[in-house]
file query.txt (compact mmCIF, C-alpha atoms)
# COMPACT_ATOMS: atom_id res chain seq x y z
CA MET W 1 -23.45 -4.23 -2.04
CA ASP W 2 -21.42 -4.83 -5.22
CA LYS W 3 -19.57 -7.82 -6.53
CA VAL W 4 -15.87 -7.15 -6.97
CA THR W 5 -13.40 -9.72 -8.30
CA ASN W 6 -9.70 -9.88 -9.10
CA LEU W 7 -8.51 -6.80 -7.25
CA ASN W 8 -4.75 -6.39 -7.60
CA VAL W 9 -4.26 -3.40 -5.33
CA GLY W 10 -0.62 -2.83 -4.50
CA ALA W 11 1.74 0.14 -4.28
CA ILE W 12 5.16 -0.28 -2.68
CA ASN W 13 6.06 2.11 0.15
CA PRO W 14 8.64 4.37 -1.59
CA TYR W 15 10.14 5.45 1.74
CA ALA W 16 10.88 1.86 2.78
CA LEU W 17 12.00 0.99 -0.74
CA THR W 18 14.43 3.92 -0.83
CA GLU W 19 15.94 2.99 2.53
CA ALA W 20 16.30 -0.62 1.40
CA LEU W 21 18.08 0.50 -1.77
CA VAL W 22 20.49 2.97 -0.14
CA GLY W 23 21.05 0.74 2.89
CA ARG W 24 20.48 3.31 5.63
CA LYS W 25 17.82 5.05 7.70
CA ILE W 26 16.76 8.39 6.22
CA ASP W 27 15.43 11.43 8.07
CA TRP W 28 12.35 12.14 5.96
CA THR W 29 11.70 15.46 7.69
CA LYS W 30 14.62 16.99 5.78
CA LYS W 31 13.82 18.60 2.43
CA GLU W 32 16.75 16.97 0.65
CA SER W 33 15.46 13.48 1.56
CA ILE W 34 12.98 13.65 -1.32
CA GLU W 35 15.88 14.20 -3.68
CA VAL W 36 17.46 11.02 -2.30
CA MET W 37 14.20 9.19 -3.04
CA GLU W 38 14.02 10.57 -6.57
CA ASP W 39 17.60 9.50 -7.27
CA ALA W 40 17.21 6.04 -5.74
CA LEU W 41 13.94 5.33 -7.57
CA GLU W 42 14.96 7.20 -10.74
CA THR W 43 11.58 8.94 -10.76
CA ASP W 44 10.33 12.46 -10.09
CA TYR W 45 8.35 12.61 -6.82
CA ASN W 46 5.35 14.16 -8.61
CA GLU W 47 5.17 11.09 -10.85
CA LEU W 48 5.58 8.43 -8.17
CA PHE W 49 1.95 7.89 -7.22
CA ASP W 50 0.23 7.36 -10.58
CA MET W 51 0.65 4.23 -12.69
CA LYS W 52 0.67 6.17 -15.97
CA PHE W 53 4.14 7.53 -15.16
CA ASN W 54 5.87 4.12 -15.07
CA SER W 55 6.64 4.47 -11.36
CA PRO W 56 8.76 1.75 -9.73
CA ILE W 57 6.35 1.46 -6.80
CA TYR W 58 4.07 -0.44 -9.21
CA ALA W 59 6.76 -2.86 -10.39
CA GLY W 60 5.12 -5.96 -11.85
CA LEU W 61 1.77 -4.32 -12.64
CA LYS W 62 0.06 -2.75 -15.65
CA LEU W 63 -3.22 -0.91 -16.20
CA ASN W 64 -6.17 -2.64 -17.82
CA ASP W 65 -9.05 -1.12 -19.78
CA LYS W 66 -10.99 -0.52 -16.55
CA ASN W 67 -8.24 1.71 -15.13
CA MET W 68 -7.32 -0.93 -12.57
CA ALA W 69 -4.11 -2.91 -12.18
CA GLU W 70 -3.29 -6.42 -13.27
CA PRO W 71 -0.03 -8.38 -12.88
CA VAL W 72 2.57 -8.48 -15.64
CA ALA W 73 3.61 -11.97 -16.68
CA ALA W 74 6.79 -13.06 -14.90
CA SER W 75 8.38 -13.75 -18.27
CA ALA W 76 7.97 -10.06 -19.18
CA ILE W 77 10.11 -8.85 -16.27
CA THR W 78 13.82 -8.62 -17.02
CA ILE W 79 16.79 -7.35 -15.04
CA ARG W 80 18.63 -4.35 -16.44
CA GLY W 81 22.33 -4.63 -17.07
CA ASP W 82 24.74 -1.92 -15.90
CA ASN W 83 24.80 -0.24 -19.32
CA GLU W 84 21.27 -1.01 -20.41
CA SER W 85 18.88 1.88 -20.99
CA GLU W 86 15.20 2.01 -20.07
CA THR W 87 14.54 4.62 -22.76
CA PRO W 88 12.28 3.32 -25.57
CA ASP W 89 13.95 2.99 -29.00
CA VAL W 90 12.61 5.84 -31.18
CA SER W 91 15.12 5.48 -34.00
CA GLY W 92 12.46 3.95 -36.26
CA ILE W 93 9.93 6.75 -35.73
CA THR W 94 9.70 8.87 -38.90
CA ASN W 95 6.46 10.82 -38.31
CA LEU W 96 4.11 11.75 -35.48
CA GLY W 97 1.57 9.09 -36.41
CA GLU W 98 4.14 6.39 -35.72
CA LEU W 99 4.25 7.41 -32.06
CA LYS W 100 1.40 4.91 -31.72
CA LYS W 101 4.11 2.26 -31.77
CA LEU W 102 5.12 3.55 -28.34
CA GLY W 103 1.57 3.43 -27.07
CA VAL W 104 0.60 7.08 -27.64
CA LYS W 105 -3.17 6.88 -28.03
CA SER W 106 -3.97 10.32 -29.44
CA ILE W 107 -1.35 12.61 -30.93
CA ASN W 108 -3.98 15.32 -31.55
CA THR W 109 -4.48 15.89 -27.82
CA THR W 110 -0.82 15.48 -26.82
CA LYS W 111 0.39 18.52 -24.89
CA ILE W 112 3.57 20.38 -25.82
CA ARG W 113 5.83 21.16 -22.85
CA SER W 114 8.21 23.39 -24.82
CA GLY W 115 9.31 24.10 -28.37
CA VAL W 116 12.20 25.78 -30.17
CA LEU W 117 12.21 26.77 -33.87
CA THR W 118 15.75 27.00 -35.29
CA ARG W 119 16.42 27.50 -39.01
CA GLY W 120 13.27 25.77 -40.10
CA VAL W 121 13.65 22.87 -37.64
CA LEU W 122 11.02 22.66 -34.90
CA ASN W 123 12.22 20.86 -31.75
CA LEU W 124 9.27 19.93 -29.53
CA LYS W 125 9.22 18.42 -26.06
CA LEU W 126 6.00 16.43 -25.80
CA ASP W 127 4.12 15.46 -22.65
CA LEU W 128 3.05 11.81 -23.08
CA PRO W 129 1.19 10.83 -19.88
CA GLN W 130 -1.13 8.61 -21.93
CA MET W 131 1.79 6.62 -23.31
CA ASP W 132 1.61 2.93 -22.40
CA HIS W 133 4.93 2.17 -20.71
CA THR W 134 3.47 -1.23 -19.81
CA LEU W 135 2.87 0.97 -16.81
CA SER W 136 5.30 -0.94 -14.65
CA LYS W 137 9.03 -1.31 -14.31
CA THR W 138 9.29 -4.51 -16.32
CA LEU W 139 12.97 -3.71 -16.79
CA LEU W 140 14.29 -3.68 -13.23
CA SER W 141 17.69 -2.65 -11.95
CA LYS W 142 19.63 -5.36 -10.12
CA PRO W 143 19.22 -3.76 -6.64
CA LEU W 144 15.48 -3.29 -7.20
CA ALA W 145 15.06 -6.85 -8.46
CA ALA W 146 16.86 -8.21 -5.39
CA ILE W 147 14.19 -6.63 -3.16
CA LEU W 148 11.09 -7.23 -5.29
CA LEU W 149 11.71 -10.64 -6.87
CA GLY W 150 11.97 -13.59 -4.50
CA LYS W 151 13.81 -16.80 -5.34
CA ALA W 152 13.28 -19.50 -2.74
CA ALA W 153 15.75 -22.32 -2.23
CA SER W 154 14.68 -25.91 -2.87
CA SER W 155 13.87 -26.24 0.83
CA GLY W 156 11.34 -23.45 0.56
CA ASP W 157 13.51 -21.10 2.63
CA TRP W 158 13.98 -17.63 1.22
CA THR W 159 16.26 -14.74 2.13
CA PRO W 160 16.67 -11.61 -0.03
CA GLU W 161 20.07 -10.25 -0.96
CA ASN W 162 21.67 -8.30 1.92
CA GLY W 163 18.98 -9.61 4.28
CA ILE W 164 18.93 -11.84 7.36
CA TRP W 165 16.17 -13.39 9.47
CA LYS W 166 16.60 -12.17 13.03
CA ASP W 167 14.66 -11.78 16.30
CA THR W 168 14.60 -8.02 16.90
CA GLY W 169 11.88 -7.44 19.51
CA ASP W 170 8.64 -8.41 21.21
CA PHE W 171 5.31 -9.39 19.65
CA PHE W 172 3.79 -6.14 20.93
CA LYS W 173 5.14 -3.47 23.25
CA ASP W 174 2.27 -1.89 25.14
CA VAL W 175 -1.08 -1.94 23.33
CA ILE W 176 -2.24 -2.87 19.84
CA GLU W 177 -2.80 0.30 17.79
CA PHE W 178 -4.01 0.97 14.26
CA SER W 179 -0.89 3.05 13.66
CA ASP W 180 1.48 0.15 14.41
CA PRO W 181 1.59 -1.61 11.01
CA VAL W 182 3.81 0.23 8.51
CA GLN W 183 4.22 -1.20 5.03
CA GLY W 184 7.68 -2.04 3.73
CA ALA W 185 9.38 -2.52 0.35
CA VAL W 186 6.76 -4.79 -1.23
CA GLY W 187 3.41 -3.94 -2.85
CA ASN W 188 1.15 -5.49 -0.21
CA CYS W 189 -0.60 -2.33 1.01
CA TYR W 190 -3.88 -4.24 0.75
CA PHE W 191 -2.78 -6.62 3.52
CA ILE W 192 -1.13 -4.02 5.77
CA ALA W 193 -4.24 -1.82 5.51
CA ALA W 194 -6.32 -4.85 6.52
CA VAL W 195 -4.13 -5.58 9.57
CA SER W 196 -4.41 -1.91 10.57
CA ALA W 197 -8.20 -2.10 10.17
CA ILE W 198 -8.34 -5.12 12.48
CA ALA W 199 -6.03 -3.44 15.00
CA TRP W 200 -8.39 -0.43 15.04
CA ALA W 201 -11.82 -2.10 15.06
CA ASP W 202 -10.99 -5.37 16.85
CA PRO W 203 -7.59 -5.11 18.60
CA TYR W 204 -8.23 -8.08 20.91
CA ARG W 205 -8.15 -10.37 17.87
CA ILE W 206 -4.44 -9.60 17.56
CA VAL W 207 -3.31 -9.47 21.20
CA HIS W 208 -3.22 -13.16 22.15
CA ARG W 209 -1.12 -14.81 19.47
CA ASN W 210 1.74 -16.34 21.48
CA ARG W 211 1.87 -19.74 23.10
CA ALA W 212 4.58 -21.80 24.78
CA THR W 213 5.94 -24.73 22.79
CA GLY W 214 8.39 -26.16 25.32
CA THR W 215 8.44 -26.93 29.03
CA GLY W 216 9.75 -23.46 29.74
CA GLU W 217 7.91 -20.26 28.84
CA SER W 218 10.97 -18.97 27.00
CA ASP W 219 10.21 -21.35 24.13
CA ARG W 220 7.38 -19.68 22.25
CA VAL W 221 5.77 -19.58 18.85
CA ASN W 222 3.28 -17.17 17.31
CA ALA W 223 0.05 -18.80 16.15
CA ILE W 224 -1.92 -16.69 13.66
CA GLN W 225 -5.23 -17.86 12.22
CA PHE W 226 -6.19 -17.36 8.56
CA TYR W 227 -9.53 -18.24 6.99
CA SER W 228 -10.07 -19.41 3.44
CA LYS W 229 -12.25 -17.10 1.33
CA GLY W 230 -11.54 -18.57 -2.11
CA GLY W 231 -9.68 -17.36 -5.20
CA GLY W 232 -6.11 -16.13 -5.51
CA LYS W 233 -3.91 -15.27 -2.52
CA ASP W 234 -5.77 -17.91 -0.51
CA ALA W 235 -5.24 -21.32 1.06
CA PRO W 236 -7.25 -23.72 3.26
CA THR W 237 -8.22 -22.34 6.68
CA LYS W 238 -5.27 -22.88 8.99
CA LEU W 239 -3.56 -21.82 12.20
CA VAL W 240 -0.10 -20.73 10.99
CA GLU W 241 2.85 -20.87 13.36
CA VAL W 242 5.90 -18.61 12.94
CA THR W 243 8.91 -17.80 15.10
CA ASP W 244 9.91 -14.28 16.12
CA LYS W 245 12.51 -13.99 13.35
CA THR W 246 11.80 -11.23 10.83
CA LEU W 247 13.75 -9.85 7.86
CA VAL W 248 16.26 -7.06 8.43
CA ARG W 249 19.25 -5.77 6.50
CA THR W 250 22.47 -7.58 7.35
CA SER W 251 24.43 -4.35 7.74
CA ASN W 252 22.21 -2.33 10.08
CA ASN W 253 19.29 -4.46 11.35
CA LEU W 254 16.75 -2.15 9.70
CA PRO W 255 13.56 -3.91 8.53
CA ILE W 256 13.15 -4.44 4.80
CA TYR W 257 9.46 -5.23 4.65
CA CYS W 258 6.62 -4.62 7.14
CA ARG W 259 7.57 -3.04 10.44
CA SER W 260 5.91 -1.40 13.47
CA ARG W 261 5.87 2.29 14.24
CA ASP W 262 6.81 1.27 17.80
CA ALA W 263 10.50 0.37 18.07
CA GLY W 264 11.14 -3.22 19.15
CA GLU W 265 7.62 -4.37 18.26
CA ILE W 266 7.31 -7.09 15.62
CA TYR W 267 3.70 -8.27 15.36
CA PRO W 268 3.04 -6.45 12.03
CA ALA W 269 6.08 -8.17 10.46
CA LEU W 270 5.00 -11.52 11.91
CA TYR W 271 1.52 -11.15 10.41
CA GLU W 272 3.10 -10.44 7.02
CA LYS W 273 5.42 -13.43 7.42
CA ALA W 274 2.59 -15.75 8.49
CA PHE W 275 0.44 -14.57 5.58
CA ALA W 276 3.25 -15.35 3.12
CA LYS W 277 3.69 -18.79 4.69
CA TRP W 278 -0.05 -19.41 4.46
CA ILE W 279 -0.64 -18.42 0.83
CA LEU W 280 2.51 -20.28 -0.29
CA LYS W 281 1.41 -23.39 1.64
CA THR W 282 4.94 -23.87 2.88
CA ASN W 283 6.29 -25.20 6.17
CA SER W 284 9.29 -22.90 5.96
CA ASP W 285 9.74 -20.25 8.65
CA LYS W 286 11.46 -18.15 5.96
CA PRO W 287 8.73 -17.66 3.34
CA ASP W 288 9.05 -15.43 0.28
CA ILE W 289 7.55 -12.10 1.39
CA THR W 290 7.54 -10.76 -2.19
CA LYS W 291 4.75 -13.23 -3.04
CA THR W 292 2.35 -11.20 -0.86
CA ALA W 293 2.36 -8.36 -3.42
CA PHE W 294 -0.96 -7.24 -4.99
CA GLY W 295 -4.35 -8.29 -3.66
CA ASP W 296 -7.78 -7.46 -2.30
CA PRO W 297 -7.91 -5.45 0.98
CA VAL W 298 -11.49 -6.42 1.82
CA LYS W 299 -10.85 -10.11 1.26
CA ALA W 300 -7.62 -9.89 3.28
CA THR W 301 -9.61 -8.42 6.17
CA ALA W 302 -12.11 -11.29 5.96
CA GLN W 303 -9.23 -13.78 5.90
CA LEU W 304 -8.17 -12.31 9.24
CA ASN W 305 -11.52 -12.13 11.05
CA ASP W 306 -13.54 -14.88 9.27
CA LYS W 307 -16.35 -12.50 8.33
CA THR W 308 -18.09 -11.80 5.03
CA ALA W 309 -16.54 -9.32 2.61
CA HIS W 310 -18.88 -6.52 1.46
CA TYR W 311 -17.86 -4.25 -1.43
CA TYR W 312 -19.12 -0.81 -2.46
CA ASN W 313 -18.07 0.83 -5.72
CA THR W 314 -17.80 4.61 -5.63
CA SER W 315 -18.74 5.21 -9.28
CA SER W 316 -22.37 4.22 -8.70
CA ARG W 317 -22.76 6.17 -5.44
CA THR W 318 -22.71 9.75 -4.23
CA GLY W 319 -20.38 11.07 -1.56
CA ASP W 320 -23.32 11.19 0.85
CA GLN W 321 -24.11 7.52 0.25
CA LEU W 322 -20.50 6.47 0.86
CA TYR W 323 -20.40 8.60 4.00
CA SER W 324 -23.55 6.83 5.19
CA ILE W 325 -21.99 3.40 4.57
CA VAL W 326 -19.07 4.33 6.82
CA ARG W 327 -21.47 5.64 9.48
CA GLU W 328 -23.48 2.40 9.35
CA ASN W 329 -20.34 0.49 10.28
CA SER W 330 -19.25 2.90 13.00
CA MET W 331 -20.09 3.82 16.57
CA SER W 332 -19.21 7.21 18.05
CA TYR W 333 -17.38 8.23 14.85
CA LYS W 334 -15.02 5.20 14.67
CA THR W 335 -15.48 2.02 12.65
CA ILE W 336 -16.53 -1.00 14.71
CA HIS W 337 -16.26 -3.30 11.69
CA PRO W 338 -12.85 -3.26 9.94
CA MET W 339 -13.03 -1.23 6.74
CA THR W 340 -10.63 -0.50 3.88
CA ALA W 341 -10.72 1.55 0.67
CA TRP W 342 -8.71 1.59 -2.54
CA THR W 343 -7.92 3.99 -5.39
CA TYR W 344 -7.93 3.76 -9.18
CA GLY W 345 -4.78 2.76 -11.02
CA SER W 346 -4.47 6.20 -12.57
CA SER W 347 -6.30 9.50 -12.53
CA LYS W 348 -5.90 13.01 -13.92
CA ASP W 349 -6.62 14.20 -10.38
CA TYR W 350 -3.79 12.31 -8.62
CA THR W 351 -0.80 14.34 -9.82
CA GLY W 352 0.39 16.72 -7.11
CA THR W 353 -2.27 15.67 -4.58
CA ASN W 354 -0.37 12.94 -2.68
CA VAL W 355 -3.24 10.56 -3.36
CA VAL W 356 -1.61 7.25 -4.29
CA GLY W 357 -2.98 5.32 -7.25
CA ASN W 358 -3.76 1.58 -6.95
CA HIS W 359 -3.29 1.84 -3.21
CA ALA W 360 -5.23 0.53 -0.21
CA TYR W 361 -6.12 2.65 2.81
CA THR W 362 -7.63 1.82 6.21
CA VAL W 363 -10.99 3.49 6.90
CA LEU W 364 -11.00 4.71 10.52
CA GLY W 365 -14.38 6.44 10.72
CA TRP W 366 -16.20 9.63 9.87
CA ALA W 367 -16.47 13.24 11.00
CA TYR W 368 -18.85 16.15 10.55
CA LYS W 369 -17.12 19.50 10.85
CA ASN W 370 -18.19 22.97 9.72
CA ASN W 371 -21.23 21.51 7.93
CA LYS W 372 -19.01 19.18 5.89
CA LYS W 373 -18.95 15.40 5.84
CA TYR W 374 -15.58 13.68 6.07
CA ILE W 375 -14.30 10.11 5.81
CA VAL W 376 -11.23 9.41 7.94
CA LEU W 377 -8.51 7.18 6.47
CA ARG W 378 -4.96 6.03 7.08
CA ASN W 379 -2.19 5.39 4.57
CA PRO W 380 -0.40 2.13 5.58
CA TRP W 381 2.93 3.79 4.75
CA GLY W 382 2.49 5.78 7.99
CA VAL W 383 3.15 8.98 5.98
CA THR W 384 1.90 10.77 2.85
CA GLU W 385 -1.50 12.43 3.09
CA PRO W 386 -3.56 14.25 0.44
CA ALA W 387 -2.68 17.88 -0.15
CA GLY W 388 -4.47 20.74 -1.89
CA MET W 389 -7.98 19.34 -1.58
CA ASN W 390 -10.90 19.16 0.82
CA THR W 391 -9.26 17.71 3.92
CA TYR W 392 -9.91 18.62 7.56
CA GLN W 393 -7.04 20.17 9.50
CA GLY W 394 -7.60 19.72 13.22
CA VAL W 395 -8.01 17.16 15.99
CA LEU W 396 -10.67 14.44 15.91
CA SER W 397 -11.61 12.21 18.84
CA PHE W 398 -13.03 8.70 18.64
CA PHE W 399 -14.84 6.87 21.40
CA ASP W 400 -13.01 3.53 21.67
CA LYS W 401 -14.68 1.12 24.11
CA SER W 402 -14.18 3.09 27.34
CA PHE W 403 -11.90 5.99 26.46
CA TRP W 404 -11.45 8.80 23.98
CA ARG W 405 -8.62 8.57 21.50
CA PRO W 406 -7.64 11.85 19.81
CA ILE W 407 -6.20 11.80 16.29
CA ASN W 408 -4.35 14.84 15.00
CA MET W 409 -5.03 15.57 11.33
CA ILE W 410 -2.19 18.08 11.19
CA GLY W 411 0.79 15.76 11.69
CA ASN W 412 2.28 13.72 8.83
CA ASP W 413 1.44 10.22 10.05
CA GLY W 414 -0.64 9.05 7.12
CA VAL W 415 -3.99 9.79 8.82
CA PHE W 416 -6.33 12.28 7.17
CA ALA W 417 -9.99 13.24 6.88
CA ILE W 418 -11.19 13.81 3.32
CA GLU W 419 -14.49 15.40 2.31
CA ALA W 420 -16.99 12.73 1.18
CA ASN W 421 -17.43 14.06 -2.37
CA SER W 422 -13.65 14.18 -2.89
CA PHE W 423 -13.46 10.61 -1.61
CA GLN W 424 -16.08 9.59 -4.15
CA ASN W 425 -14.06 11.18 -6.94
CA LEU W 426 -10.62 9.87 -6.02
CA PHE W 427 -11.33 6.41 -4.62
CA ALA W 428 -12.53 3.38 -6.60
CA GLY W 429 -14.25 1.57 -3.77
CA LEU W 430 -14.47 0.68 -0.11
CA GLY W 431 -15.39 -2.45 1.75
CA VAL W 432 -16.00 -4.02 5.14
CA ALA W 433 -15.62 -7.50 6.60
CA LYS W 434 -18.48 -8.21 9.00

call {"tool": "encode", "arguments": {"input": "query.txt", "output": "structure tokens"}}
result
Amino acid sequence: MDKVTNLNVGAINPYALTEALVGRKIDWTKKESIEVMEDALETDYNELFDMKFNSPIYAGLKLNDKNMAEPVAASAITIRGDNESETPDVSGITNLGELKKLGVKSINTTKIRSGVLTRGVLNLKLDLPQMDHTLSKTLLSKPLAAILLGKAASSGDWTPENGIWKDTGDFFKDVIEFSDPVQGAVGNCYFIAAVSAIAWADPYRIVHRNRATGTGESDRVNAIQFYSKGGGKDAPTKLVEVTDKTLVRTSNNLPIYCRSRDAGEIYPALYEKAFAKWILKTNSDKPDITKTAFGDPVKATAQLNDKTAHYYNTSSRTGDQLYSIVRENSMSYKTIHPMTAWTYGSSKDYTGTNVVGNHAYTVLGWAYKNNKKYIVLRNPWGVTEPAGMNTYQGVLSFFDKSFWRPINMIGNDGVFAIEANSFQNLFAGLGVAK
């Protein structure tokens, strides 16, 4: 087991963020929907999932020397005016060496995308992926800032622009499932992946969270327990009570932040709300959800089940060893202790693969197919799976207590099985709370 400190894992769900920005539900099965995303986020889809491309899903973060994320100082984040450009000022650059002022680390290895020689003047288009953009959107547009930057009133109550707190459903609809929690427009994938891990490995911990507060059973409150594990994003152990009101857009009642895949089900949003209330140490039933951004998925899992967090770096282990760690925490292919994994902030291997940098995933179990070892994971966005690499395409079944639960690797629901050596290469670590 390794010692891991100060994890700031967090990538905003671009699908939820896009819908929050445009103010409507989008059919993501249509090809043109990606163009809507690119326009709304002002970023090419192929550059969304790696921090080196200054993607807005990492707003408020920057890369450190260890290729992991750390928060940008609040004072460094400004809101862009209507006519203000995000393009760096290059008017003072007189030679290639001075590109270092923009953060270009090595001009000798900089790739040339295209070039035109006209009358002795060479016009080059340079590819600068190594350029340090602060690697976050520190200059935010007003609509983006309204979603990502919370400003609580003096009472501690907080409501984002164009949002309203409203009761939109039941705590849970039928059964608690790992696929229920879907991340929203805030970079708290670490927490949503942890809730999904608990829902998968220990669903009964989530089921009974309501209790009557009045003489009639219609007066209820949700009581969610959190356990102190020390450090940031923590508070004293406490049973946190929240009402059924969650955040939706004023115009259409669509959720802004965490939601459930099952319509009319609200327990994932209530867990997010209770977690925000807990870490902020506030009595408000309208806590600032944006303050849940960036954190440690293994610690978050331990905060939910009061177990010990165990960390395993991938750099010091082989794919076989990581596969064995997952098997040690599984029974009949599925994890029986809640597990999560996280990626590096940036990687030359992320572009075009749909692997999301600085992102947390739920570990569901393992598989052995066609003499290959796989680790099964879920993206808390509920969509976006790796492409063009060693993934298993088929149906896997997991023995869950007293029944078999099939999982289809072919559908786009965020669940995928990746070959163990590819996992070792693309992921920074995994952990378990037991």

call {"tool": "residues_around", "arguments": {"input": "query.txt", "residues": "segment 48-50 of chain W", "least_positions_apart": "3", "cutoff": "8 Å", "atoms": "all atoms listed in the file", "output": "count of residues only"}}
result
18

call {"tool": "closest_residue", "arguments": {"input": "query.txt", "among": "W:Gly414, W:Gly365, W:Gly319, W:Pro297", "to": "Leu426 of chain W", "atoms": "all atoms listed in the file"}}
result
W:Gly319

call {"tool": "atom_distance", "arguments": {"input": "query.txt", "atom1": "atom CA of Arg220 of chain W", "atom2": "atom CA of Glu272 of chain W"}}
result
18.3 Å

call {"tool": "closest_residue", "arguments": {"input": "query.txt", "among": "W:Ile256, W:Ala428, W:Ile77, W:Leu144", "to": "Arg24 of chain W", "atoms": "all atoms listed in the file"}}
result
W:Ile256

call {"tool": "residues_near_point", "arguments": {"input": "query.txt", "point": "(-23.4, -8.0, 8.2)", "cutoff": "8 Å", "atoms": "only C-alpha atoms", "output": "list in words"}}
result
Thr308, Ala433 and Lys434 of chain W

call {"tool": "atom_distance", "arguments": {"input": "query.txt", "atom1": "atom CA of Val376 of chain W", "atom2": "atom CA of Ala417 of chain W"}}
result
4.2 Å

call {"tool": "atom_distance", "arguments": {"input": "query.txt", "atom1": "atom CA of Trp278 of chain W", "atom2": "atom CA of Ser251 of chain W"}}
result
28.9 Å

call {"tool": "closest_residue", "arguments": {"input": "query.txt", "among": "W:Leu239, W:Ala16, W:Ile289, W:Ile147", "to": "Asn188 of chain W", "atoms": "all atoms listed in the file"}}
result
W:Ile289

call {"tool": "residues_near_point", "arguments": {"input": "query.txt", "point": "(-21.2, 3.8, 7.0)", "cutoff": "12 Å", "atoms": "all atoms listed in the file", "output": "PyMOL selection string"}}
result
chain W and resi 310+312+319-340+363-367+373-376+420+430-432

call {"tool": "write_last_selection", "arguments": {"input": "query.txt", "atoms": "C-alpha atoms", "output": "compact mmCIF listing (two decimals), in the frame of the given file"}}
result
# COMPACT_ATOMS: atom_id res chain seq x y z
CA HIS W 310 -18.88 -6.52 1.46
CA TYR W 312 -19.12 -0.81 -2.46
CA GLY W 319 -20.38 11.07 -1.56
CA ASP W 320 -23.32 11.19 0.85
CA GLN W 321 -24.11 7.52 0.25
CA LEU W 322 -20.50 6.47 0.86
CA TYR W 323 -20.40 8.60 4.00
CA SER W 324 -23.55 6.83 5.19
CA ILE W 325 -21.99 3.40 4.57
CA VAL W 326 -19.07 4.33 6.82
CA ARG W 327 -21.47 5.64 9.48
CA GLU W 328 -23.48 2.40 9.35
CA ASN W 329 -20.34 0.49 10.28
CA SER W 330 -19.25 2.90 13.00
CA MET W 331 -20.09 3.82 16.57
CA SER W 332 -19.21 7.21 18.05
CA TYR W 333 -17.38 8.23 14.85
CA LYS W 334 -15.02 5.20 14.67
CA THR W 335 -15.48 2.02 12.65
CA ILE W 336 -16.53 -1.00 14.71
CA HIS W 337 -16.26 -3.30 11.69
CA PRO W 338 -12.85 -3.26 9.94
CA MET W 339 -13.03 -1.23 6.74
CA THR W 340 -10.63 -0.50 3.88
CA VAL W 363 -10.99 3.49 6.90
CA LEU W 364 -11.00 4.71 10.52
CA GLY W 365 -14.38 6.44 10.72
CA TRP W 366 -16.20 9.63 9.87
CA ALA W 367 -16.47 13.24 11.00
CA LYS W 373 -18.95 15.40 5.84
CA TYR W 374 -15.58 13.68 6.07
CA ILE W 375 -14.30 10.11 5.81
CA VAL W 376 -11.23 9.41 7.94
CA ALA W 420 -16.99 12.73 1.18
CA LEU W 430 -14.47 0.68 -0.11
CA GLY W 431 -15.39 -2.45 1.75
CA VAL W 432 -16.00 -4.02 5.14
